[in-house]
Amino acid sequence: MAVEKALRSILMNDAAVHNLVADRIFPIVRREGSALPAITYQQISGVRDHVFEGPSGFVESRFQINCWASTYEQADTLADAVRSVLDGYDGTSEGVVIKCIHLIDEGDMPSLLADNEALNFHGKRLDIMIWFDE
Amino acid sequence: MEFSVQITGAKEIEAKLLSLERKFARTIVKDALREGANHLMKAMKGSAGTIGKGQTGMGKRIANALAVRVWRRQYRGVYGLGIRLKRDPAFVGYAQGSASSLKSKKLVQGRRYFIPTAIEYGHAFPGRGGRKGAPKDVPAKPFARPAIDAEKGPVERIINRRLLDGLYGL
């Protein structure tokens, strides 16, 4: 879907995010063997607007963006950079007219190990809502 | 996870509720909220039911455990409901400090346990797939958020309609 490309492009074209992750922005899961820090994104929901004639082309879609790093501080810094570029964004990217992006929730990623340092892997989660025209 | 609904004619509804005897007003609000919460819970159960496989899978367990519960702490003039997970022997909390149930719960070797929060948001885990060098991120399999996003509008309409039903017998 085009909006995923648009989202990736917005992140890739931001200098602060690019300095931290280069091109390590993956859909769903990280590629095996890829370095940290990295970003993964996935669509959580997509609600399409309809009028009497049919679909209006206006979509409200929730994405979860995970910022992964080997230390908590790095993950936090990356999450801050992602939040700065996405929260309040509007414009056209990859041909998709994005009306607005709002950060609606954020938090730490759960870890299945009580001692997360042993895992050497930390994550921050950002939930964003994107309103765009298809 | 919280979301807000917009009540049409809130000022008039509030004035009407205040003019009623407290227990009647409370019943009207309770019924409206419960019907909205039940609608949302059904949608959550529907999306949870598609996670995993089989009757004993984690999705089925989550779907069976979802229930509408009244807020334990109530204030005068405030009434709240939440959709929560009932206790299930297969559920544990995720590791977070010394009070983690993952640490304190005696886990039986060979039995499967589920962490609903980690399923909703995804999680970190050493070596996904057990291979050396495998990525440590496990993607989210959300069941609550898609239901909230899709059913926010209908829930709003149900609550609005039930409030008007209760107040004016429409």
# chains A, B, ... in the order shown; residues from 1 in each chain; ligands from 1
>>> interface_residues(of="chain A", to="chain B", cutoff="10 Å", atoms="only C-alpha atoms", output="NGL selection string")
:A and (27-35 or 40-48 or 60-62 or 64 or 66 or 68 or 105 or 107-116 or 118-123 or 125 or 127 or 129)
>>> select_by_dssp(residues="chain A", states="helix (DSSP H, G or I)", output="number ranges by chain")
A: 2-12, 15-21, 72-86, 116-119
>>> atom_distance(atom1="atom CA of B:Arg61", atom2="atom CA of B:Gly80")
25.2 Å
>>> residues_around(residues="A:Ala2", least_positions_apart="3", cutoff="7 Å", atoms="only C-alpha atoms", output="PyMOL selection string")
chain A and resi 5-6+96
>>> closest_residue(among="A:Leu11, A:His50, A:Ser70, A:Pro55", to="A:Leu36", atoms="only C-alpha atoms")
A:Ser70
>>> atom_distance(atom1="atom CA of B:Lys152", atom2="atom CA of A:Phe58")
16.9 Å
>>> closest_residue(among="A:Glu73, A:Asn19, A:Glu134, A:Leu126", to="A:Ile98", atoms="only C-alpha atoms")
A:Glu134
>>> atom_distance(atom1="atom CA of B:Ala37", atom2="atom CA of A:Val51")
26.8 Å
>>> residues_around(residues="B:Pro89", least_positions_apart="2", cutoff="12 Å", atoms="only C-alpha atoms", output="ChimeraX atom specification")
/B:58,61-62,65,85-87,91-93,101,105-108,111-115
>>> write_last_selection(atoms="C-alpha atoms", output="mmCIF file, in the first residue's frame")
data_model
loop_
_atom_site.group_PDB
_atom_site.id
_atom_site.type_symbol
_atom_site.label_atom_id
_atom_site.label_comp_id
_atom_site.auth_asym_id
_atom_site.auth_seq_id
_atom_site.Cartn_x
_atom_site.Cartn_y
_atom_site.Cartn_z
ATOM 1 C CA MET B 58 -3.944 -17.883 22.759
ATOM 2 C CA ARG B 61 -8.147 -17.798 25.528
ATOM 3 C CA ILE B 62 -7.994 -14.022 25.260
ATOM 4 C CA ALA B 65 -11.283 -13.964 29.117
ATOM 5 C CA LEU B 85 -9.201 -9.839 31.035
ATOM 6 C CA LYS B 86 -10.530 -12.325 33.544
ATOM 7 C CA ARG B 87 -7.974 -14.511 35.263
ATOM 8 C CA PHE B 91 -1.858 -15.647 31.453
ATOM 9 C CA VAL B 92 1.155 -14.017 33.030
ATOM 10 C CA GLY B 93 2.299 -10.403 33.208
ATOM 11 C CA SER B 101 4.278 -12.229 37.675
ATOM 12 C CA LYS B 105 4.542 -17.151 39.174
ATOM 13 C CA LYS B 106 5.613 -20.766 39.331
ATOM 14 C CA LEU B 107 5.624 -21.762 35.695
ATOM 15 C CA VAL B 108 5.116 -25.427 34.856
ATOM 16 C CA ARG B 111 2.965 -25.749 29.559
ATOM 17 C CA ARG B 112 2.208 -22.785 27.288
ATOM 18 C CA TYR B 113 1.745 -19.346 28.826
ATOM 19 C CA PHE B 114 0.543 -16.143 27.183
ATOM 20 C CA ILE B 115 1.222 -12.500 27.912
#
>>> closest_residue(among="B:Ile51, B:Ile83, B:Ile28, B:Val5", to="B:Gly153", atoms="only C-alpha atoms")
B:Val5
>>> residues_around(residues="B:Gly49", least_positions_apart="3", cutoff="9 Å", atoms="only C-alpha atoms", output="ChimeraX atom specification")
/B:44-46,52-53,57-64,143
>>> closest_residue(among="A:Ile128, A:Ala38, A:Ala22, A:Ala69", to="A:Arg83", atoms="only C-alpha atoms")
A:Ile128
